[in-house]
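Here is the structure we will look at.
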Amino acid sequence: MRIVWTSVLTLLSFCLWAQPVYQSSDYGTVNSEITFSGAAIDSVLINNQIANEGANASWDFSDLQIVDQFTVSPETKAESGYQIGFITTCIGQGGNPLECNSIWSNDVDYAIPVEANFGGALGAGFQISQIKIFRKLENDLLTEAILGLEVNVGQAFQLGFAYNEYDTIYQFPLEFGKRFTHPSSYDLDFTTFGAPFAYLHDQIRSSLVDSYGSLETPYGSFDNCLRMATQIQFFDTLLFQGQPVPLPRTEIIYEWFQSGFEAPVLEVRAIDTPLPGPLSITSVQFYDSLRCLTPNALFVPDTLSRPLTDGVAEFQFFNQSTLGSQYEWDFGDGNSSTAESPTHGYTAAGEYTVTLTVCNEVCDPEVCTEFSVDIEVTELTSHGEEQLSDGMDLWYNQSAFILDATFPQPRGNYEVFDATGALVLKGKVNQTNVQVPVNQLSNGFYVLRWVTDEATAARSWMKY
């Protein structure tokens, strides 16, 4: 009997000892350079594997299909170049200079660059081209304290917004059964920079290390993994021209951690809904090495047609390619670029074929693919346009779905174009104030053009 109890105690001791632990020393920061592969979303496979949980679970994601690869390279806060942008923004929004400097000096250590390209439809000429998330790992806590943005409103400048309440991403060590909950928030007020909107972010992060066991991915096998399930409840609000638009949602994140690896070796994100059934998977990525894979070239212009204004028609091209490491743009007018998502100005009316060539330099020889889109630059300006535009004004009545347009003179016609350049409305201008019925138009960005025998003028607006 003594031998039996000794064996049981020995086995129990071994099981407790065998449970994995992921320490803060495992996690990478400024000296890390980690490659991830993004995978195609196979909802059936992923949901079936997520359902495996608890002690000694087993997960097989070896059949994931790679659709993208990217490398995460954290920067020191000094390398980020955001110190002046953050201090200026912090003080400009009412912060105490000493407190602003203290946040930068003491509460963040490094930044994670995140490529982004959005914002143009929310305000004329307003665009966010890059995001940097500033974090600090200290006392076994990984916290997020500053959101850095590169904004272009005619010229590029940097903004840095301090969180009202810092976000705690991880509480180390991670071990089976550990649970933590933390709220966080920040306010992105762009109205002081000429944009008509502000974004108020408020969330609650709840995490539980719910399982451990073995994991298979296309990268390899992991025999002693921890899995953490995180629920993030978002209570965000968009303020557009003073009108609040609630944006509530709930995100679920599953992360698998293996000691000795500087980041989760697998991450699955999903949107939680009140409806029964499988999770709606939004992204899957796993720790990997760079591979020779055929790239997919793809891009979208911000519009397919644009008039010359002051002799220039400027287009923004949004790169949606995958598996590429090198980009070559041919704008069809003798000009080119190697930027990832460039802006290009055309100076003559006509049709142009824009071609993007994407190459994967990991391959030897490198493998490349092409994608092309035709755009049009129209001759819509004349000598008198600038004077006519100065007397033209628009005001959108949201409650009545009416666009009030004021023209310098009661003559000519008006035309409304959507974001693709398609004509969606037209009518006569027989008085200086015209109510344009836009109730049948979907929400989005539009341009109203006034056409007379002598000249044309245009103004942009947004229906919401």
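Labels used: A, B, ... for chains in the order of the structure tokens, numbers from 1 for residues in each chain, and numbers from 1 for ligands as shown.
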### Message
Set the distance at 10 Å and use only C-alpha atoms: which residues neighbour Pro20 of chain A once local chain neighbours fewer than 5 positions away are removed? I'd like the list as a ChimeraX atom specification.
### Response
/A:174-176,212-213,223-226,257-259
Any chance you can output those residues with C-alpha atoms as a short mmCIF file (atom, residue, chain, number, x, y, z; two decimals), in the first residue's frame?
data_model
loop_
_atom_site.label_atom_id
_atom_site.label_comp_id
_atom_site.auth_asym_id
_atom_site.auth_seq_id
_atom_site.Cartn_x
_atom_site.Cartn_y
_atom_site.Cartn_z
CA LEU A 174 1.47 32.72 -17.80
CA GLU A 175 0.43 29.39 -16.31
CA PHE A 176 -2.57 27.09 -16.41
CA TYR A 212 -2.07 23.33 -22.11
CA GLY A 213 -0.81 20.52 -24.33
CA ASP A 223 5.00 19.68 -27.12
CA ASN A 224 4.48 21.88 -24.06
CA CYS A 225 2.22 24.80 -25.03
CA LEU A 226 0.00 27.07 -22.99
CA PHE A 257 2.77 30.17 -25.99
CA GLN A 258 5.86 27.96 -25.94
CA SER A 259 8.80 28.65 -23.64
#
### Near-segment 80-94 of chain A list (10 Å; only C-alpha atoms; drop same-chain fewer than 2 positions) as a ChimeraX atom specification
/A:74-78,96-105,110-113,132,134,146-150,157-162,189,192
### Selection: 9 Å around Ala339 of chain A, only C-alpha atoms, excl. self and same-chain fewer than 6 positions, as JSON, numbers by chain
{"A": [326, 327, 328, 329]}
Take the residues from that selection and write them out as a compact mmCIF listing (two decimals), in the first residue's frame, keeping N, CA and C atoms.
# COMPACT_ATOMS: atom_id res chain seq x y z
N GLN A 326 9.07 43.18 -52.31
CA GLN A 326 9.56 44.29 -53.14
C GLN A 326 8.43 44.72 -54.07
N TYR A 327 8.26 46.06 -54.20
CA TYR A 327 7.16 46.60 -54.99
C TYR A 327 7.69 47.59 -56.02
N GLU A 328 7.17 47.49 -57.25
CA GLU A 328 7.55 48.39 -58.33
C GLU A 328 6.27 48.86 -59.01
N TRP A 329 6.04 50.20 -58.98
CA TRP A 329 4.84 50.80 -59.57
C TRP A 329 5.18 51.49 -60.87
### Message
Here is a test: counting only C-alpha atoms, which residue of A:Ala40, A:Asp418, A:Leu137, A:Ile169 is nearest to Ser442 of chain A?
### Response
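Nearest candidate to Ser442 of chain A out of A:Ala40, A:Asp418, A:Leu137, A:Ile169: A:Asp418.
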### Query
Using the chain letters and numbers from this document, which residues of segment 219-440 of chain A does DSSP assign to helix (DSSP H, G or I), as a list in words?
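The residues of segment 219-440 of chain A classed as helix (DSSP H, G or I) are Glu385, Glu386, Gln387, Leu388, Ser389 and Asp390 of chain A.
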### Task
Quick one: pull the distance between atom CA of Asn296 of chain A and atom CA of Val377 of chain A, Å, one decimal.
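Going from atom CA of Asn296 of chain A over to atom CA of Val377 of chain A, I get 27.3 Å.
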### Task
To one decimal in Å, tell me the separation between atom CA of Leu239 of chain A and atom CA of Leu200 of chain A.
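Pair atom CA of Leu239 of chain A / atom CA of Leu200 of chain A returns 7.8 Å.
Proximity ranking of A:Ile204, A:Leu356, A:Leu448, A:Ala195 relative to Asp167 of chain A places A:Ile204 first, based on only C-alpha atoms.
Contact shell of Gly260 of chain A at 10 Å (only C-alpha atoms; same-chain neighbours under 5 positions omitted): Tyr22, Gln23, Ser25, Asp26, Tyr27 and Gly28 of chain A.
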Could you list, as an mmCIF file with N, CA and C atoms, in the first residue's frame, every residue within 9 Å of Arg205 of chain A, counting only C-alpha atoms and ignoring same-chain residues fewer than 4 positions away?
data_model
loop_
_atom_site.group_PDB
_atom_site.id
_atom_site.type_symbol
_atom_site.label_atom_id
_atom_site.label_comp_id
_atom_site.auth_asym_id
_atom_site.auth_seq_id
_atom_site.Cartn_x
_atom_site.Cartn_y
_atom_site.Cartn_z
ATOM 1 N N ASP A 167 -3.418 49.876 -21.115
ATOM 2 C CA ASP A 167 -3.900 48.528 -21.408
ATOM 3 C C ASP A 167 -2.848 47.514 -20.945
ATOM 4 N N THR A 168 -3.235 46.578 -20.095
ATOM 5 C CA THR A 168 -2.343 45.501 -19.673
ATOM 6 C C THR A 168 -2.563 44.310 -20.593
ATOM 7 N N ILE A 169 -1.584 44.037 -21.448
ATOM 8 C CA ILE A 169 -1.710 42.966 -22.437
ATOM 9 C C ILE A 169 -1.487 41.598 -21.790
ATOM 10 N N PHE A 180 -6.816 37.238 -15.574
ATOM 11 C CA PHE A 180 -6.713 38.663 -15.241
ATOM 12 C C PHE A 180 -7.648 39.477 -16.129
ATOM 13 N N THR A 181 -8.127 40.588 -15.582
ATOM 14 C CA THR A 181 -9.049 41.491 -16.275
ATOM 15 C C THR A 181 -8.566 42.922 -16.101
ATOM 16 N N HIS A 182 -8.651 43.707 -17.184
ATOM 17 C CA HIS A 182 -8.173 45.080 -17.088
ATOM 18 C C HIS A 182 -8.896 45.961 -18.106
ATOM 19 N N PRO A 183 -9.397 47.134 -17.672
ATOM 20 C CA PRO A 183 -9.984 48.098 -18.613
ATOM 21 C C PRO A 183 -8.910 49.025 -19.171
ATOM 22 N N SER A 184 -9.193 49.648 -20.302
ATOM 23 C CA SER A 184 -8.301 50.677 -20.850
ATOM 24 C C SER A 184 -9.104 51.581 -21.774
ATOM 25 N N THR A 230 -8.642 35.219 -24.645
ATOM 26 C CA THR A 230 -8.896 36.603 -24.232
ATOM 27 C C THR A 230 -10.170 37.115 -24.884
ATOM 28 N N GLN A 231 -11.013 37.734 -24.090
ATOM 29 C CA GLN A 231 -12.196 38.415 -24.600
ATOM 30 C C GLN A 231 -12.000 39.917 -24.409
ATOM 31 N N ILE A 232 -12.157 40.674 -25.509
ATOM 32 C CA ILE A 232 -12.066 42.135 -25.432
ATOM 33 C C ILE A 232 -13.416 42.714 -25.812
ATOM 34 N N GLN A 233 -14.052 43.398 -24.869
ATOM 35 C CA GLN A 233 -15.311 44.075 -25.117
ATOM 36 C C GLN A 233 -15.028 45.538 -25.436
ATOM 37 N N PHE A 234 -15.419 45.964 -26.633
ATOM 38 C CA PHE A 234 -15.204 47.330 -27.086
ATOM 39 C C PHE A 234 -16.491 48.135 -26.920
#
### Message
Excluding segment 42-54 of chain A and its own-chain neighbours fewer than 3 positions away, which residues fall within 12 Å of it when counting only C-alpha atoms? Please give them as an NGL selection string.
### Response
:A and (19 or 39 or 57-66 or 176-177 or 208-217 or 225-229 or 252-256 or 266-270 or 277-285)
Writing out the chosen residues with N, CA and C atoms as a compact mmCIF listing (two decimals), in the first residue's frame:
# COMPACT_ATOMS: atom_id res chain seq x y z
N GLN A 19 3.41 20.83 -16.11
CA GLN A 19 2.61 21.92 -16.66
C GLN A 19 3.53 23.07 -17.07
N ALA A 39 -2.50 32.93 -42.35
CA ALA A 39 -3.09 31.73 -42.95
C ALA A 39 -4.49 32.00 -43.46
N ALA A 57 -4.39 18.98 -23.68
CA ALA A 57 -5.13 19.08 -24.94
C ALA A 57 -4.19 18.88 -26.11
N SER A 58 -4.77 18.67 -27.28
CA SER A 58 -3.98 18.48 -28.49
C SER A 58 -4.62 19.29 -29.62
N TRP A 59 -3.79 20.10 -30.31
CA TRP A 59 -4.29 20.95 -31.40
C TRP A 59 -3.47 20.68 -32.66
N ASP A 60 -4.15 20.45 -33.76
CA ASP A 60 -3.46 20.18 -35.03
C ASP A 60 -3.88 21.23 -36.08
N PHE A 61 -3.00 22.21 -36.28
CA PHE A 61 -3.20 23.25 -37.29
C PHE A 61 -2.20 23.08 -38.45
N SER A 62 -1.69 21.88 -38.64
CA SER A 62 -0.64 21.66 -39.64
C SER A 62 -1.13 21.87 -41.07
N ASP A 63 -2.45 21.85 -41.30
CA ASP A 63 -2.99 22.00 -42.65
C ASP A 63 -3.29 23.45 -43.03
N LEU A 64 -2.91 24.42 -42.19
CA LEU A 64 -3.13 25.82 -42.53
C LEU A 64 -2.42 26.19 -43.82
N GLN A 65 -3.10 26.97 -44.68
CA GLN A 65 -2.53 27.41 -45.95
C GLN A 65 -2.01 28.84 -45.82
N ILE A 66 -0.74 29.05 -46.14
CA ILE A 66 -0.11 30.37 -45.99
C ILE A 66 -0.57 31.31 -47.11
N PHE A 176 -1.23 27.67 -16.32
CA PHE A 176 -2.57 27.09 -16.41
C PHE A 176 -3.45 27.58 -15.26
N GLY A 177 -4.63 28.12 -15.61
CA GLY A 177 -5.58 28.60 -14.62
C GLY A 177 -5.46 30.08 -14.30
N LEU A 208 -7.81 34.39 -19.73
CA LEU A 208 -7.72 33.17 -18.93
C LEU A 208 -6.82 32.18 -19.65
N VAL A 209 -5.79 31.69 -18.96
CA VAL A 209 -4.96 30.61 -19.50
C VAL A 209 -5.75 29.32 -19.24
N ASP A 210 -6.46 28.86 -20.27
CA ASP A 210 -7.46 27.81 -20.08
C ASP A 210 -7.00 26.40 -20.44
N SER A 211 -5.82 26.28 -21.09
CA SER A 211 -5.43 24.95 -21.58
C SER A 211 -3.92 24.84 -21.69
N TYR A 212 -3.46 23.59 -21.74
CA TYR A 212 -2.07 23.33 -22.11
C TYR A 212 -1.99 21.97 -22.78
N GLY A 213 -0.95 21.79 -23.62
CA GLY A 213 -0.81 20.52 -24.33
C GLY A 213 0.11 20.65 -25.52
N SER A 214 -0.15 19.83 -26.57
CA SER A 214 0.72 19.79 -27.75
C SER A 214 0.05 20.50 -28.92
N LEU A 215 0.88 21.14 -29.77
CA LEU A 215 0.39 21.93 -30.89
C LEU A 215 1.19 21.61 -32.15
N GLU A 216 0.49 21.50 -33.27
CA GLU A 216 1.12 21.33 -34.58
C GLU A 216 0.74 22.52 -35.47
N THR A 217 1.73 23.16 -36.09
CA THR A 217 1.51 24.20 -37.10
C THR A 217 2.37 23.88 -38.31
N CYS A 225 2.81 23.48 -24.78
CA CYS A 225 2.22 24.80 -25.03
C CYS A 225 1.19 25.18 -23.98
N LEU A 226 1.10 26.49 -23.74
CA LEU A 226 0.00 27.07 -22.99
C LEU A 226 -0.93 27.78 -23.96
N ARG A 227 -2.24 27.71 -23.70
CA ARG A 227 -3.18 28.51 -24.50
C ARG A 227 -3.89 29.51 -23.60
N MET A 228 -3.92 30.76 -24.07
CA MET A 228 -4.66 31.80 -23.35
C MET A 228 -5.81 32.29 -24.21
N ALA A 229 -7.01 32.33 -23.63
CA ALA A 229 -8.20 32.86 -24.31
C ALA A 229 -8.51 34.24 -23.74
N ILE A 252 -12.59 37.93 -29.72
CA ILE A 252 -12.01 36.80 -29.00
C ILE A 252 -10.63 36.51 -29.60
N ILE A 253 -9.62 36.34 -28.73
CA ILE A 253 -8.26 36.04 -29.19
C ILE A 253 -7.79 34.77 -28.48
N TYR A 254 -7.32 33.80 -29.25
CA TYR A 254 -6.67 32.61 -28.70
C TYR A 254 -5.19 32.69 -29.05
N GLU A 255 -4.33 32.53 -28.03
CA GLU A 255 -2.87 32.59 -28.24
C GLU A 255 -2.22 31.37 -27.59
N TRP A 256 -1.29 30.76 -28.33
CA TRP A 256 -0.54 29.62 -27.83
C TRP A 256 0.91 30.06 -27.57
N LEU A 266 1.12 30.75 -32.17
CA LEU A 266 -0.11 30.71 -32.97
C LEU A 266 -1.09 31.70 -32.36
N GLU A 267 -1.78 32.43 -33.23
CA GLU A 267 -2.81 33.37 -32.77
C GLU A 267 -4.02 33.27 -33.68
N VAL A 268 -5.19 33.15 -33.09
CA VAL A 268 -6.47 33.12 -33.82
C VAL A 268 -7.35 34.22 -33.27
N ARG A 269 -7.87 35.06 -34.16
CA ARG A 269 -8.79 36.14 -33.74
C ARG A 269 -10.17 35.89 -34.35
N ALA A 270 -11.19 36.24 -33.58
CA ALA A 270 -12.57 36.03 -34.03
C ALA A 270 -13.46 37.13 -33.45
N GLY A 277 -23.58 29.04 -32.60
CA GLY A 277 -22.83 28.50 -33.73
C GLY A 277 -21.35 28.78 -33.61
N PRO A 278 -20.59 28.43 -34.65
CA PRO A 278 -19.13 28.58 -34.59
C PRO A 278 -18.73 30.05 -34.58
N LEU A 279 -17.52 30.31 -34.10
CA LEU A 279 -16.98 31.67 -34.08
C LEU A 279 -16.73 32.16 -35.51
N SER A 280 -16.89 33.46 -35.70
CA SER A 280 -16.56 34.08 -36.98
C SER A 280 -15.09 34.46 -36.97
N ILE A 281 -14.24 33.65 -37.59
CA ILE A 281 -12.79 33.84 -37.56
C ILE A 281 -12.42 35.03 -38.45
N THR A 282 -11.56 35.91 -37.94
CA THR A 282 -11.13 37.08 -38.71
C THR A 282 -9.67 37.00 -39.15
N SER A 283 -8.81 36.34 -38.38
CA SER A 283 -7.41 36.21 -38.79
C SER A 283 -6.74 35.06 -38.07
N VAL A 284 -5.73 34.48 -38.74
CA VAL A 284 -4.91 33.41 -38.17
C VAL A 284 -3.46 33.68 -38.55
N GLN A 285 -2.57 33.64 -37.59
CA GLN A 285 -1.15 33.80 -37.89
C GLN A 285 -0.34 32.90 -36.98
### Task
May I ask for the distance between atom CA of Gln440 of chain A and atom CA of Leu425 of chain A, given in Å to one decimal place?
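Distance between the two atoms: 9.9 Å.
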#### Entry: Among the residues A:Ser32, A:Thr273, A:Thr294, A:Thr303, the one that comes closest to Phe417 of chain A [using only C-alpha atoms]
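Ranked by minimum distance to Phe417 of chain A, first place goes to A:Thr303.
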### Query
Can you list, as a VMD selection string, every residue of segment 322-460 of chain A that DSSP puts in strand (DSSP E or B)?
chain A and resid 322 326 to 330 336 to 337 343 to 346 350 to 360 367 to 378 393 to 397 402 to 406 413 to 418 423 to 428 433 to 437 444 to 451 456 to 460
### Query
Which of these residues is nearest to Arg179 of chain A, using only C-alpha atoms: A:Ser206, A:Ser321, A:Asn335, A:Thr35?
A:Ser206
### Task
Would you please work out which residue, of A:Ser341, A:Thr29, A:Asp187, A:Ala55, is nearest to Leu142 of chain A when using only C-alpha atoms?
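Between A:Ser341, A:Thr29, A:Asp187, A:Ala55, the residue approaching Leu142 of chain A most closely is A:Thr29.
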